[in-house]
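As stored in data_32.tsv (TSV, C-alpha atoms and all ligand atoms):
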chain	number	residue	atom	x	y	z
A	1	MET	CA	-8.86	-10.68	7.21
A	2	PRO	CA	-9.23	-7.51	9.25
A	3	GLU	CA	-10.66	-7.62	12.73
A	4	SER	CA	-14.23	-6.46	13.07
A	5	PRO	CA	-14.01	-2.72	13.60
A	6	SER	CA	-16.09	-0.98	16.19
A	7	PRO	CA	-19.32	0.73	15.10
A	8	THR	CA	-17.71	4.10	15.80
A	9	LEU	CA	-15.67	3.62	12.64
A	10	ARG	CA	-18.72	3.59	10.42
A	11	LYS	CA	-18.38	7.08	9.04
A	12	GLU	CA	-17.54	8.89	5.85
A	13	PRO	CA	-18.89	6.41	3.29
A	14	ALA	CA	-16.77	5.79	0.23
A	15	VAL	CA	-17.71	7.95	-2.69
A	16	SER	CA	-18.06	5.45	-5.50
A	17	GLY	CA	-18.16	1.76	-6.30
A	18	VAL	CA	-19.39	-0.66	-3.66
A	19	PRO	CA	-16.73	-0.49	-0.95
A	20	SER	CA	-17.69	-1.00	2.67
A	21	PRO	CA	-18.01	2.18	4.72
A	22	VAL	CA	-15.83	0.70	7.47
A	23	GLU	CA	-12.85	2.98	7.96
A	24	LEU	CA	-9.60	1.06	8.38
A	25	LEU	CA	-6.87	3.69	8.09
A	26	ARG	CA	-7.11	7.33	9.06
A	27	THR	CA	-4.36	9.92	9.29
A	28	GLU	CA	-4.90	13.30	10.89
A	29	ASN	CA	-2.55	16.21	10.31
A	30	LEU	CA	0.34	13.94	9.48
A	31	SER	CA	3.45	16.08	9.01
A	32	VAL	CA	7.05	15.18	8.25
A	33	ARG	CA	10.00	17.53	8.22
A	34	TYR	CA	13.43	16.67	6.91
A	35	GLY	CA	15.60	19.54	8.11
A	36	GLY	CA	14.27	22.58	6.29
A	37	VAL	CA	12.07	20.50	3.93
A	38	THR	CA	8.40	20.00	4.83
A	39	ALA	CA	7.80	16.71	3.04
A	40	ASN	CA	4.25	16.20	4.40
A	41	GLU	CA	2.07	18.92	5.90
A	42	ASP	CA	-1.14	18.13	7.80
A	43	VAL	CA	-2.09	15.22	5.56
A	44	CYS	CA	-5.55	13.87	6.43
A	45	LEU	CA	-6.50	10.72	4.53
A	46	SER	CA	-8.70	7.68	5.03
A	47	VAL	CA	-8.95	4.22	3.52
A	48	HIS	CA	-12.01	2.03	3.98
A	49	ALA	CA	-12.37	-1.73	3.79
A	50	GLY	CA	-12.83	-2.84	0.22
A	51	GLU	CA	-11.50	0.42	-1.15
A	52	VAL	CA	-8.63	1.23	-3.47
A	53	VAL	CA	-7.49	4.75	-2.64
A	54	ALA	CA	-4.81	6.36	-4.77
A	55	LEU	CA	-2.25	8.93	-3.68
A	56	ILE	CA	-0.79	10.84	-6.62
A	57	GLY	CA	1.31	13.90	-7.24
A	58	PRO	CA	4.45	15.16	-8.94
A	59	ASN	CA	7.93	13.83	-8.19
A	60	GLY	CA	8.99	15.03	-4.76
A	61	ALA	CA	5.40	15.78	-3.67
A	62	GLY	CA	5.82	13.59	-0.57
A	63	LYS	CA	4.04	10.34	-1.49
A	64	THR	CA	6.76	7.94	-0.35
A	65	THR	CA	7.32	10.09	2.71
A	66	PHE	CA	3.65	9.62	3.58
A	67	VAL	CA	4.00	5.82	3.31
A	68	ASP	CA	7.18	5.98	5.39
A	69	ALA	CA	5.45	8.07	8.06
A	70	VAL	CA	2.35	5.87	8.25
A	71	THR	CA	4.40	2.67	8.45
A	72	GLY	CA	6.79	4.07	11.03
A	73	TYR	CA	9.89	4.45	8.87
A	74	ALA	CA	9.90	8.25	9.10
A	75	PRO	CA	9.34	10.31	12.25
A	76	SER	CA	6.17	12.34	12.00
A	77	SER	CA	3.71	14.46	13.95
A	78	GLY	CA	-0.04	14.02	13.80
A	79	THR	CA	-1.87	10.72	14.26
A	80	VAL	CA	-2.37	7.43	12.43
A	81	HIS	CA	-5.28	5.17	13.35
A	82	LEU	CA	-5.62	1.62	12.07
A	83	ASP	CA	-8.78	-0.32	12.87
A	84	ASP	CA	-9.61	2.52	15.29
A	85	LYS	CA	-6.39	2.02	17.26
A	86	LYS	CA	-3.81	4.78	17.41
A	87	LEU	CA	-0.53	3.55	15.99
A	88	THR	CA	2.71	4.36	17.73
A	89	GLY	CA	6.19	2.97	17.57
A	90	GLY	CA	8.34	1.73	14.74
A	91	PRO	CA	7.86	-0.32	11.59
A	92	HIS	CA	7.72	-3.76	13.19
A	93	LYS	CA	5.06	-2.77	15.68
A	94	ARG	CA	2.95	-1.20	12.93
A	95	ARG	CA	3.47	-4.20	10.67
A	96	ARG	CA	2.18	-6.48	13.39
A	97	ALA	CA	-0.76	-4.13	13.93
A	98	GLY	CA	-1.87	-4.87	10.37
A	99	LEU	CA	-0.13	-2.41	8.05
A	100	GLY	CA	1.65	-3.91	5.06
A	101	ARG	CA	3.70	-2.07	2.47
A	102	THR	CA	5.70	-2.60	-0.68
A	103	TRP	CA	8.78	-0.69	-1.76
A	104	GLN	CA	9.66	1.17	-4.94
A	105	ALA	CA	12.77	-0.98	-5.27
A	106	GLY	CA	11.84	-4.66	-5.19
A	107	GLU	CA	12.42	-6.32	-1.86
A	108	LEU	CA	12.43	-9.95	-2.99
A	109	PHE	CA	15.04	-12.56	-2.18
A	110	ASP	CA	16.13	-14.00	-5.51
A	111	ASP	CA	17.90	-17.04	-4.10
A	112	VAL	CA	14.76	-18.59	-2.58
A	113	THR	CA	11.38	-19.56	-4.01
A	114	VAL	CA	8.28	-17.41	-4.15
A	115	ALA	CA	6.75	-19.48	-1.33
A	116	ASP	CA	9.83	-18.94	0.82
A	117	ASN	CA	9.75	-15.22	0.13
A	118	ILE	CA	6.26	-15.22	1.60
A	119	ALA	CA	7.35	-17.43	4.49
A	120	VAL	CA	10.15	-15.04	5.38
A	121	ALA	CA	7.63	-12.20	5.50
A	122	ALA	CA	5.39	-14.33	7.72
A	123	ARG	CA	8.32	-14.85	10.07
A	124	THR	CA	8.87	-11.11	10.44
A	125	VAL	CA	5.30	-10.67	11.63
A	126	GLY	CA	5.57	-13.59	14.03
A	127	LEU	CA	3.48	-16.14	12.13
A	128	ARG	CA	6.48	-18.45	11.88
A	129	THR	CA	9.50	-18.98	14.06
A	130	LEU	CA	13.01	-19.63	12.86
A	131	GLY	CA	13.35	-22.58	15.24
A	132	ALA	CA	10.25	-24.29	13.88
A	133	ASP	CA	11.44	-23.76	10.31
A	134	LEU	CA	14.85	-25.24	11.08
A	135	LEU	CA	13.18	-28.26	12.66
A	136	GLY	CA	11.04	-28.67	9.57
A	137	ARG	CA	7.81	-28.12	11.48
A	138	SER	CA	6.74	-25.21	9.29
A	139	ARG	CA	7.38	-26.72	5.88
A	140	GLY	CA	4.85	-25.85	3.21
A	141	SER	CA	2.63	-22.83	2.98
A	142	ARG	CA	0.57	-21.96	6.01
A	143	PRO	CA	-3.08	-21.05	5.41
A	144	GLU	CA	-2.44	-17.33	5.47
A	145	GLU	CA	0.53	-17.64	3.13
A	146	ALA	CA	-1.47	-19.90	0.81
A	147	GLU	CA	-4.30	-17.35	0.82
A	148	ALA	CA	-1.92	-14.55	-0.18
A	149	LEU	CA	-0.48	-16.68	-2.99
A	150	GLU	CA	-3.97	-17.63	-4.17
A	151	LEU	CA	-5.28	-14.06	-4.03
A	152	LEU	CA	-2.45	-12.81	-6.23
A	153	GLY	CA	-2.66	-15.78	-8.61
A	154	LEU	CA	0.78	-17.04	-7.62
A	155	THR	CA	-0.01	-20.55	-6.44
A	156	ASP	CA	1.24	-22.14	-9.67
A	157	VAL	CA	4.62	-20.42	-9.39
A	158	ALA	CA	5.12	-20.83	-5.63
A	159	HIS	CA	8.05	-23.21	-6.23
A	160	ARG	CA	9.77	-20.89	-8.73
A	161	HIS	CA	12.38	-18.25	-8.01
A	162	PRO	CA	11.29	-14.61	-8.45
A	163	SER	CA	13.81	-14.02	-11.25
A	164	GLU	CA	12.02	-16.67	-13.32
A	165	LEU	CA	8.80	-14.64	-13.28
A	166	SER	CA	7.69	-11.67	-15.37
A	167	MET	CA	8.17	-8.24	-13.81
A	168	GLY	CA	4.42	-8.04	-13.27
A	169	ARG	CA	4.29	-11.23	-11.25
A	170	GLN	CA	7.40	-10.27	-9.29
A	171	LYS	CA	5.50	-7.17	-8.19
A	172	LEU	CA	2.65	-9.40	-7.06
A	173	VAL	CA	5.04	-11.44	-4.91
A	174	GLY	CA	5.89	-8.17	-3.14
A	175	VAL	CA	2.19	-7.52	-2.60
A	176	ALA	CA	1.67	-11.06	-1.29
A	177	ARG	CA	4.53	-10.55	1.16
A	178	ALA	CA	2.80	-7.40	2.42
A	179	LEU	CA	-0.50	-9.24	2.95
A	180	VAL	CA	0.58	-11.94	5.39
A	181	GLY	CA	0.15	-11.13	9.06
A	182	ASN	CA	-3.51	-10.12	9.32
A	183	THR	CA	-2.81	-7.13	7.14
A	184	SER	CA	-5.86	-4.90	6.99
A	185	VAL	CA	-4.37	-2.08	4.92
A	186	VAL	CA	-1.63	-2.43	2.35
A	187	LEU	CA	0.30	0.54	0.96
A	188	LEU	CA	1.71	-0.02	-2.52
A	189	ASP	CA	4.53	2.32	-3.53
A	190	GLU	CA	4.65	2.61	-7.32
A	191	PRO	CA	3.85	-1.04	-8.06
A	192	ALA	CA	3.38	-0.34	-11.79
A	193	ALA	CA	6.85	1.14	-12.28
A	194	GLY	CA	8.59	-0.87	-14.99
A	195	LEU	CA	5.41	-2.63	-16.12
A	196	ASP	CA	4.03	-2.46	-19.65
A	197	THR	CA	0.43	-1.41	-20.31
A	198	HIS	CA	-0.94	-4.94	-20.24
A	199	GLU	CA	0.87	-5.84	-17.02
A	200	SER	CA	-0.25	-2.61	-15.41
A	201	ARG	CA	-3.92	-3.32	-16.17
A	202	GLN	CA	-3.52	-6.84	-14.87
A	203	LEU	CA	-2.06	-5.36	-11.71
A	204	GLY	CA	-5.12	-3.13	-11.43
A	205	HIS	CA	-7.39	-6.18	-11.43
A	206	ASP	CA	-5.18	-7.90	-8.86
A	207	VAL	CA	-5.25	-4.83	-6.62
A	208	ARG	CA	-9.05	-4.74	-6.83
A	209	ARG	CA	-9.10	-8.39	-5.78
A	210	VAL	CA	-7.03	-7.54	-2.72
A	211	ALA	CA	-9.56	-4.83	-1.81
A	212	ALA	CA	-12.45	-7.22	-2.44
A	213	SER	CA	-10.94	-9.51	0.20
A	214	GLY	CA	-12.01	-6.87	2.76
A	215	ARG	CA	-8.68	-5.09	3.05
A	216	GLY	CA	-7.97	-1.47	2.21
A	217	VAL	CA	-5.43	-0.52	-0.45
A	218	LEU	CA	-3.47	2.72	-0.74
A	219	LEU	CA	-2.03	2.85	-4.25
A	220	ILE	CA	0.73	5.27	-5.15
A	221	ASP	CA	1.56	5.44	-8.81
A	222	HIS	CA	2.34	7.72	-11.71
A	223	ASP	CA	0.44	5.46	-14.15
A	224	MET	CA	-2.71	7.55	-14.58
A	225	SER	CA	-4.59	4.85	-16.49
A	226	LEU	CA	-4.09	2.49	-13.58
A	227	VAL	CA	-5.11	5.09	-11.02
A	228	MET	CA	-8.09	6.52	-12.91
A	229	ASP	CA	-9.51	3.13	-13.90
A	230	PHE	CA	-8.99	1.17	-10.69
A	231	ALA	CA	-9.13	3.60	-7.74
A	232	ASP	CA	-12.35	4.47	-5.91
A	233	ARG	CA	-10.99	7.74	-4.58
A	234	ILE	CA	-7.86	9.77	-5.16
A	235	TYR	CA	-5.86	12.20	-3.01
A	236	VAL	CA	-3.48	14.58	-4.74
A	237	LEU	CA	-0.34	15.79	-2.99
A	238	ASP	CA	1.69	18.79	-4.06
A	239	PHE	CA	4.60	20.12	-2.02
A	240	GLY	CA	3.54	17.83	0.83
A	241	LYS	CA	-0.05	19.07	1.06
A	242	VAL	CA	-3.32	17.53	-0.11
A	243	ILE	CA	-4.54	19.89	-2.81
A	244	ALA	CA	-7.55	17.83	-3.92
A	245	SER	CA	-9.42	14.60	-3.22
A	246	GLY	CA	-12.43	12.84	-4.67
A	247	THR	CA	-13.48	10.38	-7.31
A	248	PRO	CA	-11.28	9.93	-10.39
A	249	ALA	CA	-13.73	12.06	-12.38
A	250	GLU	CA	-13.66	14.84	-9.79
A	251	VAL	CA	-9.89	14.86	-9.54
A	252	ARG	CA	-9.38	14.68	-13.29
A	253	SER	CA	-11.41	17.86	-13.77
A	254	ASP	CA	-9.90	19.79	-10.86
A	255	ALA	CA	-8.08	22.80	-12.25
A	256	ARG	CA	-5.46	22.80	-9.47
A	257	VAL	CA	-4.65	19.15	-10.12
A	258	VAL	CA	-4.37	19.67	-13.85
A	259	ALA	CA	-2.05	22.63	-13.26
A	260	ALA	CA	0.11	20.88	-10.65
A	261	TYR	CA	0.28	17.40	-12.11
A	262	LEU	CA	-2.13	15.99	-14.66
A	263	GLY	CA	-1.27	18.56	-17.29
A	264	GLY	CA	2.09	16.85	-17.56
A	265	VAL	CA	1.13	13.18	-17.35
A	266	ALA	CA	-2.47	12.62	-18.47
A	301	LIG	N1	15.34	10.91	4.00
A	301	LIG	C1	15.17	12.14	3.53
A	301	LIG	N2	15.93	13.16	3.95
A	301	LIG	C2	15.76	14.41	3.50
A	301	LIG	N3	14.83	14.77	2.58
A	301	LIG	C3	14.04	13.78	2.11
A	301	LIG	C4	14.15	12.42	2.55
A	301	LIG	N4	13.22	11.68	1.91
A	301	LIG	C5	12.56	12.54	1.11
A	301	LIG	N5	13.03	13.78	1.23
A	301	LIG	C6	12.53	14.98	0.55
A	301	LIG	O1	11.14	15.05	0.83
A	301	LIG	C7	10.42	15.47	-0.32
A	301	LIG	C8	9.38	14.44	-0.68
A	301	LIG	O2	10.04	13.27	-1.22
A	301	LIG	P1	9.26	11.93	-1.54
A	301	LIG	O3	10.29	10.92	-1.94
A	301	LIG	O4	8.38	11.59	-0.42
A	301	LIG	O5	8.40	12.36	-2.81
A	301	LIG	P2	7.54	11.42	-3.80
A	301	LIG	O6	6.26	12.13	-4.01
A	301	LIG	O7	7.47	10.04	-3.29
A	301	LIG	O8	8.42	11.49	-5.13
A	301	LIG	P3	8.56	10.41	-6.34
A	301	LIG	O9	7.26	10.45	-7.10
A	301	LIG	O10	9.71	10.95	-7.13
A	301	LIG	O11	8.85	9.06	-5.73
A	301	LIG	C9	11.44	15.74	-1.40
A	301	LIG	O12	11.79	17.09	-1.38
A	301	LIG	C10	12.62	14.89	-0.97
A	301	LIG	O13	13.84	15.41	-1.47
Written as structure tokens, how would this file's structure read?
Ligand SMILES: Nc1ncnc2c1ncn2[C@@H]1O[C@H](COP(=O)(O)OP(=O)(O)OP(=O)(O)O)[C@@H](O)[C@H]1O
Amino acid sequence: MPESPSPTLRKEPAVSGVPSPVELLRTENLSVRYGGVTANEDVCLSVHAGEVVALIGPNGAGKTTFVDAVTGYAPSSGTVHLDDKKLTGGPHKRRRAGLGRTWQAGELFDDVTVADNIAVAARTVGLRTLGADLLGRSRGSRPEEAEALELLGLTDVAHRHPSELSMGRQKLVGVARALVGNTSVVLLDEPAAGLDTHESRQLGHDVRRVAASGRGVLLIDHDMSLVMDFADRIYVLDFGKVIASGTPAEVRSDARVVAAYLGGVA
């Protein structure tokens, strides 16, 4: 669960639904340049506790770049605050600070069980040590790992290998991996890619459950049913810039968004 934020974070209440007004993630003027390409330009975005915030836009708009910049995988200018602390440094430092992410390409280890996939993630954030595991002192799921499995409905398949699971549940293992380590905000990069309609809706419910646990969720996806039905607020990127933000209804009726993106996918 996230640490209690300071009262100074209680600003900018979420627009819809019943999310908490506590701001967990805030970026200010986040910019990323790859040579001559401006992949993100002055992106300002916030995610509150209990909120599912979507980031959408056409291919190449800069969505993955934004996740890379926030999580420390891409050099950027501007600022990122998590739980009112300014984040600096690389991916491991930011992961330990409470930022979790998933990847477009699955990151699971197929030769170990679901539980061990979670345990490996716990080790990278310092919840486990290799020595203790080798000595057998860390056998079994730790409370935080068990909570992640439970939250994503994976407890009954903890002993299975990822390849034995449906694509939808494999995606959830990736989300569970991102949750261990006192994660307060999780960034999901196209989790519905490759899922059928039923699996995608199920994912939407699972994502809402993650938010209901008090965390914040940033959801990047091209599946507009998923985004429109399960997000509280949406930011739209085009050519690296935020061109619109608001509730799903507001974004859906924004002429610039329809012209840049929704006209082709919705
Ligand atoms: N490592 C990199 N080096 C150079 N250019 C890059 C790099 N990563 C991304 N870009 C460029 O930055 C821009 C934004 O790419 P990005 O992958 O962030 O878009 P996206 O919105 O996530 O696209 P998609 O929906 O297809 O995943 C593109 O022009 C892309 O070619």
inquiry  = What's around stretch 224-236 of chain A at 6 Å? Count all atoms listed in the file, leave out sequence neighbours fewer than 3 positions away in its own chain, and write the answer as a ChimeraX atom specification.
reply    = /A:16,52-57,204,242-248
Point-to-point distance from atom CA of A:Val258 to atom N2 of ligand LIG 301 (chain A), Å rounded to tenths =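 Separation between atom CA of A:Val258 and atom N2 of ligand LIG 301 (chain A): 27.8 Å.
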task = May I ask you to write as a PyMOL selection string all residues lying at most 8 Å from ligand LIG 301 (chain A), with only C-alpha atoms and all ligand atoms counted?
result = chain A and resi 33-35+37-40+56-66+74+104+190+221-222+237+239-240
request  = Enter the distance from atom CA of A:Val173 to atom CA of A:Ile220, in Å, rounded to one decimal.
outcome  =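 Separation of atom CA of A:Val173 and atom CA of A:Ile220: 17.3 Å.
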task = Skip A:Ser166 itself and residues of its chain fewer than 5 positions away, then list as number ranges by chain all residues within 12 Å of it, counting all atoms listed in the file.
result = A: 154, 157, 160-161, 171-173, 194-196, 198-199
ask   = Out of A:Leu203, A:Leu82, A:Val112, A:Met167, which residue has the shortest atom-to-atom distance to A:Leu188 when counting all atoms listed in the file?
value =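 Checking each candidate against A:Leu188, we get A:Leu203 as the closest.
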inquiry  = Residues within 10 Å of A:Pro75, please, as a PyMOL selection string. Count all atoms listed in the file; anything in the same chain fewer than 2 positions from it doesn't count.
reply    = chain A and resi 31-34+65+68-73+77+89-90
Point-to-point distance in Å for atom CA of A:Leu24 and atom CA of A:Glu107 =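 According to the coordinates, atom CA of A:Glu107 and atom CA of A:Leu24 are separated by 25.4 Å.
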ask   = Quick one: of A:Leu152, A:Ala192, A:Ala119, A:Ala211, who's nearest to A:Asp223, counting all atoms listed in the file?
value = A:Ala192
inquiry  = Using all atoms listed in the file for the distances, tell me which of A:Arg169, A:Lys241, A:Arg252, A:Arg209 is nearest to A:Leu45.
reply    = A:Lys241
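For the point (6.5, -15.5, 3.8), the residues with an atom at a distance of at most 10 Å are Val114, Ala115, Asp116, Asn117, Ile118, Ala119, Val120, Ala121, Ala122, Arg123, Thr124, Val125, Leu127, Arg128, Ser141, Arg142, Glu144, Glu145, Ala146, Ala148, Leu149, Val173, Ala176, Arg177, Ala178, Leu179, Val180 and Gly181 of chain A, counting only C-alpha atoms.
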ask   = Using all atoms listed in the file, which of the listed residues (A:Thr155, A:Ser46, A:Thr27, A:Thr113) sits closest to A:Leu87?
value = A:Thr27
key: Spatial neighbours of A:Glu28, 10 Å, all atoms listed in the file, chain gap at least 4 places, as a ChimeraX atom specification   = /A:42-46,77-81
Write out the residues from the selection above, keeping C-alpha atoms, as a short mmCIF file (atom, residue, chain, number, x, y, z; two decimals), in the frame of the given file.
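Saved result, part25.cif, follows:
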data_model
loop_
_atom_site.label_atom_id
_atom_site.label_comp_id
_atom_site.auth_asym_id
_atom_site.auth_seq_id
_atom_site.Cartn_x
_atom_site.Cartn_y
_atom_site.Cartn_z
CA ASP A 42 -1.14 18.13 7.80
CA VAL A 43 -2.09 15.22 5.56
CA CYS A 44 -5.55 13.87 6.43
CA LEU A 45 -6.50 10.72 4.53
CA SER A 46 -8.70 7.68 5.03
CA SER A 77 3.71 14.46 13.95
CA GLY A 78 -0.04 14.02 13.80
CA THR A 79 -1.87 10.72 14.26
CA VAL A 80 -2.37 7.43 12.43
CA HIS A 81 -5.28 5.17 13.35
#
message = My list of candidates is A:Gly98, A:Gly50, A:Pro143, A:Gly263. Which is closest to A:Glu23 when distances are computed with all atoms listed in the file?
response =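 Distance minimum relative to A:Glu23 lands on A:Gly50.
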